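A short worksheet on the structure shown next.
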Amino acid sequence: MNFLQLCQAVVREAGLSGNGPATVVNQTGMLGRIVAWVADAWADIQRERTDWRFLWRVSNAALVIGKQLYTYADLGAADAARISAIYLIRDGQRHRLDGCLCDERVAILNRTNTGMPAAFVELPDRTVLFDALPDAAMSVEVEYYRKPQVLAANGDVPLVAEQYHRAIVQRALIAYAAFDEAQTLLQMAGARYEREYGQMVNDLTPQIGMGSSPYP
């Protein structure tokens, strides 16, 4: 479903009259609230976790000889919320770089060595600092999680597969039911949301594996 269809689904499930909004733009009154509740529901779901698979991305970028500091955009990750890993690629070899803590920035900046970077630090101003000045042609592969998607236009479709769109509808319905003080609907929507959201977590986040026991 797209943004408009999600809003229309909330109207139907709320038992309101009519078919819902004809557009998500410039709505007022109850329809305006529903548009806002759907947009907020999707934003809130995305912010619940930092490891949603549907927000994971990979970009590639060339490093510039003698350049140590790069913006997210320089690395092809302008839409990144956070970087999870960086791999250096040189002469066909791929090496994972160590991630440093932000307070190591000064130490890295004071280094004057050139060659192949072995580590990086991600800074609060959305820049990445490498621990060496590249001295030859090399590139990086950046794994990152993008910023939450914002629903704004009628045809905007949530990044997640359609089978999980019901979670958005139910979360928005919870907001409507709370506003309308409809306790029965609030309980029903809450139960449905927990089920739909739980399925999303099971399907769309990394699974924690258990190591084998040393004991028989």
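So you can find residues: chains in the structure tokens are A, B, ... in the order shown, residues in each start at 1, and ligands are numbered from 1 in order.
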Within 9 Å of segment 136-152 of chain A using only C-alpha atoms, minus same-chain residues under 2 positions, as a PyMOL selection string: chain A and resi 2-3+24-25+38-40+42-44+46-47+50-66+75-91+94+115-116+134+154-159
Those of segment 29-188 of chain A in DSSP helix (DSSP H, G or I), formatted as a PyMOL selection string: chain A and resi 29-47+53-55+102-109+162-180+183-188
Shell around Tyr164 of chain A at 9 Å using only C-alpha atoms, local window under 3 positions removed, as an MDAnalysis selection string: chainID A and resid 160:161 167:168 196:197 199:200
DSSP strand (DSSP E) selection over segment 50-91 of chain A, as a list in words: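 Restricting segment 50-91 of chain A to strand (DSSP E) produces Trp56, Arg57, Val58, Ser59, Asn60, Ala61, Ala62, Leu69, Tyr70, Thr71, Ala80, Ala81, Arg82, Ile83, Ser84, Ala85, Ile86, Tyr87, Leu88, Ile89 and Arg90 of chain A.
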Residue contacts of Phe179 of chain A (12 Å, only C-alpha atoms) excluding same-chain residues fewer than 3 positions away, as a PyMOL selection string: chain A and resi 14+30+33-34+37+172-176+182-183+185-186
Proximity to Met1 of chain A - best of A:Thr71, A:Gln163, A:Gln93, A:Asn113, only C-alpha atoms: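 Checking each of A:Thr71, A:Gln163, A:Gln93, A:Asn113 against Met1 of chain A, counting only C-alpha atoms, the winner is A:Gln163.
Atom pair atom CA of Thr28 of chain A / atom CA of Val10 of chain A: separated by 15.8 Å.
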Counting only C-alpha atoms, the option among A:Ala178, A:Leu6, A:Ala36, A:Leu31 closest to Gly18 of chain A: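 Nearest candidate to Gly18 of chain A out of A:Ala178, A:Leu6, A:Ala36, A:Leu31: A:Leu31.
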Separation of atom CA of Cys100 of chain A from atom CA of Asp74 of chain A, in Å and rounded to one decimal: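 Atom CA of Asp74 of chain A lies 19.4 Å from atom CA of Cys100 of chain A.
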